[in-house]
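A.B. asks: Next up, final.txt (compact mmCIF, C-alpha atoms and all ligand atoms).
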# COMPACT_ATOMS: atom_id res chain seq x y z
CA MET A 9 -42.79 -19.50 -38.29
CA ASN A 10 -40.43 -19.37 -41.24
CA HIS A 11 -38.40 -22.56 -40.84
CA ARG A 12 -35.13 -20.77 -41.66
CA ILE A 13 -35.59 -18.41 -38.72
CA PHE A 14 -36.55 -21.37 -36.56
CA LEU A 15 -33.36 -23.27 -37.48
CA SER A 16 -31.20 -20.18 -36.80
CA GLY A 17 -32.84 -19.88 -33.41
CA VAL A 18 -32.10 -23.52 -32.61
CA LEU A 19 -28.46 -23.09 -33.70
CA ILE A 20 -27.93 -19.96 -31.56
CA THR A 21 -29.49 -21.74 -28.57
CA VAL A 22 -27.21 -24.79 -29.03
CA ILE A 23 -24.07 -22.60 -29.28
CA SER A 24 -25.02 -20.49 -26.24
CA VAL A 25 -25.83 -23.51 -24.09
CA ASN A 26 -22.57 -25.14 -25.15
CA CYS A 27 -20.46 -22.04 -24.29
CA PHE A 28 -22.23 -21.65 -20.98
CA ALA A 29 -21.64 -25.32 -20.14
CA GLN A 30 -17.92 -24.99 -20.93
CA GLN A 31 -17.59 -21.85 -18.78
CA LYS A 32 -19.56 -23.36 -15.94
CA GLY A 33 -17.78 -26.72 -16.07
CA GLY A 34 -14.27 -25.53 -15.17
CA ASP A 35 -12.68 -23.68 -12.27
CA PRO A 36 -11.06 -20.46 -13.54
CA LYS A 37 -8.51 -20.67 -10.70
CA GLU A 38 -7.05 -23.81 -12.32
CA THR A 39 -5.45 -21.57 -14.96
CA GLU A 40 -4.26 -18.72 -12.71
CA TYR A 41 -0.95 -18.58 -10.83
CA TYR A 42 0.82 -16.08 -8.56
CA THR A 43 4.53 -16.91 -8.55
CA PRO A 44 7.17 -16.12 -9.57
CA VAL A 45 6.17 -12.48 -9.20
CA PRO A 46 7.58 -10.25 -12.00
CA LYS A 47 10.17 -7.81 -10.68
CA ILE A 48 9.16 -4.19 -10.36
CA VAL A 49 10.74 -1.89 -12.95
CA THR A 50 10.02 1.81 -12.78
CA PRO A 51 9.58 3.05 -16.34
CA GLY A 52 11.42 6.15 -17.56
CA ALA A 53 9.53 9.44 -17.60
CA SER A 54 9.38 9.20 -21.39
CA SER A 55 10.23 6.50 -23.93
CA SER A 56 13.71 8.09 -24.22
CA ASP A 57 14.47 7.71 -20.52
CA ALA A 58 16.02 4.60 -19.02
CA PRO A 59 13.84 2.33 -16.88
CA SER A 60 15.12 1.66 -13.36
CA ASP A 61 16.87 -1.62 -14.23
CA ALA A 62 18.64 -0.39 -17.38
CA ILE A 63 22.38 0.07 -17.81
CA VAL A 64 22.84 3.61 -19.10
CA LEU A 65 25.47 3.46 -21.83
CA PHE A 66 25.35 7.18 -22.63
CA ASN A 67 23.60 9.92 -20.68
CA GLY A 68 25.03 12.92 -22.51
CA LYS A 69 27.70 13.66 -19.89
CA ASN A 70 30.63 11.37 -20.70
CA MET A 71 31.72 8.36 -22.77
CA ASP A 72 32.91 6.30 -19.80
CA GLU A 73 31.04 3.19 -21.00
CA TRP A 74 32.79 3.29 -24.41
CA VAL A 75 36.22 2.46 -25.80
CA SER A 76 37.94 2.56 -29.17
CA GLU A 77 37.19 -0.51 -31.31
CA LYS A 78 40.74 -0.50 -32.72
CA ASP A 79 42.26 -0.42 -29.23
CA PRO A 80 39.77 -1.47 -26.54
CA LYS A 81 42.19 -0.23 -23.84
CA ALA A 82 41.93 3.34 -25.19
CA ALA A 83 39.11 5.77 -24.49
CA ALA A 84 36.47 6.44 -27.12
CA LYS A 85 37.46 9.61 -28.97
CA TRP A 86 34.13 10.71 -30.40
CA ILE A 87 33.06 14.30 -29.74
CA LEU A 88 30.82 15.32 -26.84
CA THR A 89 28.34 17.97 -27.98
CA ASP A 90 25.23 19.24 -26.26
CA ASN A 91 24.18 16.00 -24.47
CA ALA A 92 25.12 13.94 -27.53
CA MET A 93 28.21 12.23 -28.89
CA MET A 94 29.17 12.94 -32.47
CA VAL A 95 30.97 10.43 -34.68
CA ASN A 96 34.66 11.19 -35.10
CA LYS A 97 35.44 9.45 -38.37
CA SER A 98 39.21 9.63 -37.91
CA ALA A 99 38.92 7.91 -34.50
CA GLY A 100 37.01 4.95 -35.95
CA ASP A 101 34.31 2.76 -34.45
CA ILE A 102 33.59 2.73 -30.73
CA GLN A 103 32.25 -0.12 -28.62
CA THR A 104 30.95 -0.70 -25.13
CA LYS A 105 33.31 -1.78 -22.35
CA ARG A 106 30.68 -4.24 -21.22
CA THR A 107 29.65 -7.32 -23.14
CA PHE A 108 26.10 -8.53 -23.64
CA THR A 109 24.15 -11.56 -24.79
CA ASP A 110 20.38 -10.98 -25.04
CA PHE A 111 19.09 -7.47 -24.48
CA GLN A 112 16.65 -4.65 -25.10
CA LEU A 113 18.38 -1.55 -26.47
CA HIS A 114 17.22 2.04 -26.81
CA ILE A 115 19.33 4.43 -28.86
CA GLU A 116 18.72 7.77 -30.55
CA TYR A 117 20.55 9.38 -33.44
CA GLN A 118 20.47 12.57 -35.44
CA ILE A 119 21.41 13.00 -39.08
CA PRO A 120 22.69 16.60 -39.35
CA ALA A 121 20.25 18.99 -41.04
CA ASN A 122 22.95 19.98 -43.53
CA ILE A 123 23.71 16.39 -44.59
CA THR A 124 25.09 15.90 -48.10
CA GLY A 125 25.88 12.83 -50.20
CA THR A 126 23.78 10.14 -51.82
CA GLY A 127 23.09 6.42 -51.47
CA GLN A 128 25.25 4.77 -48.82
CA ALA A 129 27.36 7.93 -48.49
CA ARG A 130 24.72 10.01 -46.67
CA GLY A 131 24.72 9.76 -42.89
CA ASN A 132 25.97 6.19 -42.85
CA SER A 133 26.65 4.68 -39.45
CA GLY A 134 25.40 1.49 -37.85
CA ILE A 135 24.64 -0.30 -34.63
CA PHE A 136 26.44 -3.63 -34.35
CA LEU A 137 24.26 -5.56 -31.92
CA ALA A 138 27.21 -7.81 -31.22
CA ALA A 139 30.68 -6.64 -32.26
CA LEU A 140 32.79 -9.60 -33.35
CA PRO A 141 36.58 -9.63 -33.45
CA PHE A 142 36.55 -11.48 -36.79
CA GLY A 143 34.81 -11.59 -40.18
CA ALA A 144 32.41 -8.77 -40.99
CA GLY A 145 32.64 -7.39 -37.49
CA GLY A 146 29.20 -8.38 -36.28
CA TYR A 147 25.51 -7.92 -36.93
CA GLU A 148 24.68 -4.42 -38.18
CA LEU A 149 21.38 -2.65 -37.84
CA GLN A 150 21.86 0.04 -40.47
CA VAL A 151 21.83 3.75 -39.72
CA LEU A 152 21.57 5.91 -42.84
CA ASP A 153 19.63 8.95 -44.06
CA ASN A 154 16.86 7.50 -46.24
CA TYR A 155 14.37 10.31 -45.70
CA ASN A 156 14.72 11.26 -49.35
CA ASN A 157 17.57 9.07 -50.49
CA THR A 158 17.43 5.72 -52.23
CA THR A 159 19.87 2.85 -51.99
CA TYR A 160 19.63 -0.95 -52.12
CA VAL A 161 16.66 -1.75 -49.88
CA ASN A 162 18.49 -4.33 -47.80
CA GLY A 163 21.01 -1.61 -46.95
CA GLN A 164 18.68 1.24 -46.07
CA ALA A 165 17.96 2.53 -42.56
CA GLY A 166 16.22 -0.12 -40.47
CA SER A 167 17.69 -3.02 -42.44
CA MET A 168 19.75 -5.79 -40.97
CA TYR A 169 22.51 -4.97 -43.40
CA LYS A 170 22.28 -6.95 -46.66
CA GLN A 171 19.97 -9.52 -45.07
CA SER A 172 16.59 -8.01 -44.33
CA PRO A 173 15.06 -4.74 -45.61
CA PRO A 174 12.98 -2.79 -43.09
CA LEU A 175 9.23 -3.52 -43.12
CA ALA A 176 8.72 0.23 -43.64
CA ASN A 177 10.78 3.37 -44.24
CA ALA A 178 10.17 5.26 -40.99
CA CYS A 179 12.97 7.84 -41.37
CA ARG A 180 12.46 11.31 -40.01
CA LYS A 181 13.96 14.27 -41.85
CA PRO A 182 17.58 15.26 -41.26
CA GLY A 183 17.95 17.43 -38.17
CA ASP A 184 15.28 15.53 -36.21
CA TRP A 185 16.23 13.09 -33.46
CA GLN A 186 15.26 9.49 -34.29
CA SER A 187 15.12 6.33 -32.21
CA TYR A 188 15.65 2.61 -32.40
CA ASP A 189 14.25 0.19 -29.86
CA VAL A 190 15.70 -3.24 -30.40
CA VAL A 191 15.23 -6.69 -28.92
CA TRP A 192 18.28 -8.84 -29.63
CA THR A 193 18.54 -12.57 -29.08
CA ALA A 194 22.12 -13.68 -29.55
CA PRO A 195 22.94 -16.83 -31.51
CA ARG A 196 23.85 -19.92 -29.53
CA PHE A 197 26.57 -22.38 -30.47
CA ASN A 198 27.40 -25.99 -29.72
CA GLU A 199 30.70 -27.04 -28.14
CA ASP A 200 32.08 -27.98 -31.56
CA GLY A 201 31.34 -24.49 -32.93
CA THR A 202 28.27 -25.41 -34.97
CA LEU A 203 25.21 -23.22 -34.73
CA ARG A 204 22.59 -24.30 -32.20
CA SER A 205 20.14 -21.42 -32.71
CA PRO A 206 20.43 -18.33 -34.94
CA ALA A 207 20.33 -14.72 -33.79
CA ARG A 208 16.95 -12.99 -33.86
CA VAL A 209 16.10 -9.31 -33.92
CA THR A 210 13.02 -7.18 -33.48
CA ALA A 211 13.52 -3.48 -34.19
CA ILE A 212 11.24 -0.48 -33.90
CA HIS A 213 12.32 2.67 -35.74
CA ASN A 214 10.68 5.89 -34.57
CA GLY A 215 7.80 3.83 -33.14
CA VAL A 216 7.36 1.78 -36.34
CA LEU A 217 8.13 -1.95 -36.48
CA VAL A 218 10.90 -2.51 -39.04
CA GLN A 219 12.22 -5.98 -38.07
CA ASN A 220 9.80 -8.55 -36.70
CA ASN A 221 11.71 -11.34 -34.95
CA PHE A 222 13.94 -11.71 -38.01
CA GLU A 223 16.20 -14.76 -37.93
CA LEU A 224 19.70 -13.84 -39.11
CA LYS A 225 21.63 -16.01 -41.55
CA GLY A 226 24.90 -14.94 -39.91
CA ASP A 227 26.96 -11.75 -39.73
CA THR A 228 26.38 -8.81 -42.08
CA PRO A 229 29.33 -8.49 -44.48
CA TYR A 230 29.64 -5.78 -47.15
CA ILE A 231 30.85 -8.38 -49.63
CA GLY A 232 29.84 -12.03 -49.71
CA GLN A 233 27.39 -14.23 -47.86
CA PRO A 234 26.61 -14.10 -44.13
CA SER A 235 28.01 -16.84 -41.94
CA TYR A 236 28.25 -17.73 -38.27
CA GLN A 237 31.38 -18.20 -36.18
CA LYS A 238 31.12 -19.28 -32.58
CA HIS A 239 31.23 -16.44 -30.06
CA GLY A 240 30.12 -15.58 -26.55
CA PRO A 241 28.99 -12.26 -25.04
CA CYS A 242 30.07 -9.26 -27.16
CA PRO A 243 30.25 -5.47 -26.94
CA ILE A 244 27.76 -3.28 -28.79
CA LYS A 245 29.55 -1.24 -31.45
CA LEU A 246 28.76 2.04 -33.22
CA GLN A 247 30.13 2.59 -36.70
CA ALA A 248 32.26 5.50 -37.85
CA HIS A 249 31.65 4.99 -41.57
CA GLY A 250 34.31 6.19 -43.97
CA ASP A 251 32.03 8.20 -46.24
CA LYS A 252 32.54 11.93 -46.72
CA SER A 253 29.15 13.11 -45.42
CA GLU A 254 28.73 15.18 -42.26
CA PRO A 255 29.04 13.12 -39.04
CA ILE A 256 25.90 12.00 -37.20
CA SER A 257 25.30 12.07 -33.43
CA TYR A 258 23.94 9.66 -30.83
CA ARG A 259 22.26 10.19 -27.46
CA ASN A 260 20.09 8.47 -24.81
CA ILE A 261 21.58 5.00 -25.07
CA TRP A 262 20.49 2.38 -22.56
CA VAL A 263 20.24 -1.37 -22.46
CA ARG A 264 18.32 -3.91 -20.38
CA GLU A 265 19.87 -7.36 -20.17
CA LEU A 266 17.33 -10.12 -20.74
MG MG B 1 26.48 1.33 -41.82
Let's see the structure in the file written out as C-alpha cells.
Ligand code: MG
C.D. replies:
Amino acid sequence: MNHRIFLSGVLITVISVNCFAQQKGGDPKETEYYTPVPKIVTPGASSSDAPSDAIVLFNGKNMDEWVSEKDPKAAAKWILTDNAMMVNKSAGDIQTKRTFTDFQLHIEYQIPANITGTGQARGNSGIFLAALPFGAGGYELQVLDNYNNTTYVNGQAGSMYKQSPPLANACRKPGDWQSYDVVWTAPRFNEDGTLRSPARVTAIHNGVLVQNNFELKGDTPYIGQPSYQKHGPCPIKLQAHGDKSEPISYRNIWVREL
C-alpha cells in the first residue's frame, strides 16, 4: 500500500473515532431546556401586516396614534389618502403619542412617481427612531429618493444620517411602495447623564440589510458632530422636510416593543 494513502486512512480513522467518542460521551439533554416558553405571536398574513403583539401606529384609516411635533397636544395634520398618509410640509413633523425604548418597527413609504428635484431635495423625509426635544431632534434613518439620484453617501436612503451609509442602495423606483424593517436599541445613560451604552440599529430596506447592528455616535445633526444627551423613552417621529419636491406618503406602520 502506498504509505501516503495508509497515513490518510489512519488520520480519518483517528478523527472519526474521536468525534464518535465525544458524541457518545455526553448526554444531549444536558444542553436542552424547556422554560421559559417563548410567547406565541401570530405572524401577519404578509410581511406588511402586523403580528398579533404589535402596536399598529397607522392602519390607513386614521392618524389617532400621531400628533404634531411642534405642538404634541394638537392632532397630526398630514393628509389621509387611499390607505396612506401623505406628508403635509406646512404642518411640519409628526410624532407618535406613545413613547418607546427598544423596538422592532415596520414602515412603508412611497416616493411619488412624478418626483422632481435632485440630491437631498428629492423625496426627503426621515424616520427619527427616537425624537428628542433638544439638539438635532433625534436619530434619523434617512428617507430619500436615491433610485437614480446621487448625494453624499452618508445621507442617502438607508443611512443613519451623516453617520453610516447604507450597506447597499436598495431603493425601488419612484411610485413603488418601499419598506423599512428596523431593530432599534435605545442608548442607556448613567444617573449623572454620561453614556452607559450607545444606541444600536439594524435596518432592512426592501428586504436588503442596510444597517447591521450599527453603533451610533450620538444624534444625527445636519451640521456638526453627533453627541449624546441623556433621555428616556421617546416618540417615533416622521420628518416633513422643507424641500420643494412632491410630498411622499407612508402606510402600514407597526411596532413591537422589545
Ligand atoms: Mg431626512
A.B. asks: Counting only C-alpha atoms and all ligand atoms, which residues of chain A sit at most 12 Å from some atom of ligand MG 1 (chain B), and what is each one's closest atom pair with its distance in Å to one decimal, listed by chain and rising residue number, as CSV?
C.D. replies:
residue,atom,partner,partner_atom,distance
A:Asp101,CA,B:MG1,MG,10.8
A:Gly127,CA,B:MG1,MG,11.4
A:Gln128,CA,B:MG1,MG,7.9
A:Ala129,CA,B:MG1,MG,9.4
A:Arg130,CA,B:MG1,MG,10.1
A:Gly131,CA,B:MG1,MG,8.7
A:Asn132,CA,B:MG1,MG,5.0
A:Ser133,CA,B:MG1,MG,4.1
A:Gly134,CA,B:MG1,MG,4.1
A:Ile135,CA,B:MG1,MG,7.6
A:Phe136,CA,B:MG1,MG,9.0
A:Ala144,CA,B:MG1,MG,11.7
A:Gly145,CA,B:MG1,MG,11.5
A:Gly146,CA,B:MG1,MG,11.5
A:Tyr147,CA,B:MG1,MG,10.5
A:Glu148,CA,B:MG1,MG,7.0
A:Leu149,CA,B:MG1,MG,7.6
A:Gln150,CA,B:MG1,MG,5.0
A:Val151,CA,B:MG1,MG,5.6
A:Leu152,CA,B:MG1,MG,6.8
A:Asp153,CA,B:MG1,MG,10.5
A:Asn162,CA,B:MG1,MG,11.5
A:Gly163,CA,B:MG1,MG,8.1
A:Gln164,CA,B:MG1,MG,8.9
A:Ala165,CA,B:MG1,MG,8.6
A:Gly166,CA,B:MG1,MG,10.4
A:Ser167,CA,B:MG1,MG,9.8
A:Met168,CA,B:MG1,MG,9.8
A:Tyr169,CA,B:MG1,MG,7.6
A:Lys170,CA,B:MG1,MG,10.5
A:Thr228,CA,B:MG1,MG,10.1
A:Pro229,CA,B:MG1,MG,10.6
A:Tyr230,CA,B:MG1,MG,9.4
A:Lys245,CA,B:MG1,MG,11.1
A:Leu246,CA,B:MG1,MG,8.9
A:Gln247,CA,B:MG1,MG,6.4
A:Ala248,CA,B:MG1,MG,8.2
A:His249,CA,B:MG1,MG,6.3
A:Gly250,CA,B:MG1,MG,9.5
A:Asp251,CA,B:MG1,MG,9.9
A:Ile256,CA,B:MG1,MG,11.6
A.B. asks: For segment 104-143 of chain A versus segment 75-95 of chain A, which residues have an atom no more than 12 Å away, and what is each residue's nearest atom pair and distance in Å rounded to one decimal, using only C-alpha atoms, chain-then-number order, as a Markdown table?
C.D. replies:
| residue | atom | partner | partner_atom | distance |
| --- | --- | --- | --- | --- |
| A:Thr104 | CA | A:Val75 | CA | 6.2 |
| A:Lys105 | CA | A:Val75 | CA | 6.2 |
| A:Arg106 | CA | A:Val75 | CA | 9.8 |
| A:Ile115 | CA | A:Ala92 | CA | 11.2 |
| A:Glu116 | CA | A:Ala92 | CA | 9.4 |
| A:Tyr117 | CA | A:Ala92 | CA | 8.8 |
| A:Gln118 | CA | A:Met94 | CA | 9.2 |
| A:Ile119 | CA | A:Met94 | CA | 10.2 |
| A:Pro120 | CA | A:Met94 | CA | 10.1 |
| A:Gly131 | CA | A:Val95 | CA | 10.3 |
| A:Asn132 | CA | A:Val95 | CA | 10.5 |
| A:Ser133 | CA | A:Val95 | CA | 8.6 |
| A:Gly134 | CA | A:Val95 | CA | 11.0 |
| A:Phe136 | CA | A:Glu77 | CA | 11.6 |
| A:Ala139 | CA | A:Glu77 | CA | 9.0 |
| A:Leu140 | CA | A:Glu77 | CA | 10.3 |
| A:Pro141 | CA | A:Glu77 | CA | 9.4 |
A.B. asks: Neighbouring residues of Ala207 of chain A were defined as those with any atom within 8 Å, considering only C-alpha atoms; residues of the same chain fewer than 3 positions away were excluded. Please report them as a list in words.
C.D. replies: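 Near Ala207 of chain A, the qualifying residues are Trp192, Thr193, Ala194, Pro195, Arg196, Glu223, Leu224, Lys225 and Gly226 of chain A.
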A.B. asks: Pick out the residues sitting within 8 Å of Thr202 of chain A, and hand them over as a list in words; count only C-alpha atoms, and ignore anything fewer than 4 positions along from it in its own chain.
C.D. replies: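 Selected residues are Phe197, Asn198, Gln237 and Lys238 of chain A.
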A.B. asks: Choose the residue, out of A:Tyr236, A:Tyr41, A:Tyr155, A:Trp262, that has the smallest atom-to-atom separation from Asp184 of chain A; count all atoms listed in the file.
C.D. replies: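 Under the stated criterion, the closest residue is A:Tyr155.
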A.B. asks: So, counting all atoms listed in the file, which residue among A:Ser172, A:Ser235, A:Thr50, A:Asn177 is closest to Asn214 of chain A?
C.D. replies: A:Asn177
A.B. asks: Between A:Lys37, A:His239, A:His213, A:Lys252, which is the closest to Cys179 of chain A once you count only C-alpha atoms?
C.D. replies: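 Of A:Lys37, A:His239, A:His213, A:Lys252, the one nearest Cys179 of chain A, counting only C-alpha atoms, is A:His213.
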A.B. asks: Could you tell me how far atom CA of Val45 of chain A sits from atom CA of Thr107 of chain A, in Å to one decimal place?
C.D. replies: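 Taking atom CA of Thr107 of chain A as the start and atom CA of Val45 of chain A as the end point, the length is 27.8 Å.
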A.B. asks: When you count all atoms listed in the file, which of these residues is closest to Gln233 of chain A: A:Gln171, A:Ser253, A:Asn96, A:Asn67?
C.D. replies: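 Among the listed residues, the smallest separation from Gln233 of chain A belongs to A:Gln171.
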A.B. asks: What separation in Å, quoted to one decimal, exists between atom CA of Leu266 of chain A and atom CA of Asp110 of chain A?
C.D. replies: 5.3 Å
A.B. asks: Between atom CA of Ser55 of chain A and atom CA of Gly215 of chain A, what is the distance in Å, rounded to a tenth?
C.D. replies: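 Here the two named atoms are 9.9 Å from each other.
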A.B. asks: Build an axis-aligned box that encloses every atom of segment 137-155 of chain A listed in the file, pad it by 8 Å on each side, and report its centre and edge lengths in Å to one decimal, as AutoDock Vina command-line options.
C.D. replies:
--center_x 25.5 --center_y -0.6 --center_z -38.7 --size_x 38.2 --size_y 37.9 --size_z 31.0
A.B. asks: Would you mind telling me which residue in A:Pro255, A:Gly240, A:Pro234, A:Ile261 lies nearest to Gly100 of chain A when using all atoms listed in the file?
C.D. replies: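 Of A:Pro255, A:Gly240, A:Pro234, A:Ile261, the one nearest Gly100 of chain A, counting all atoms listed in the file, is A:Pro255.
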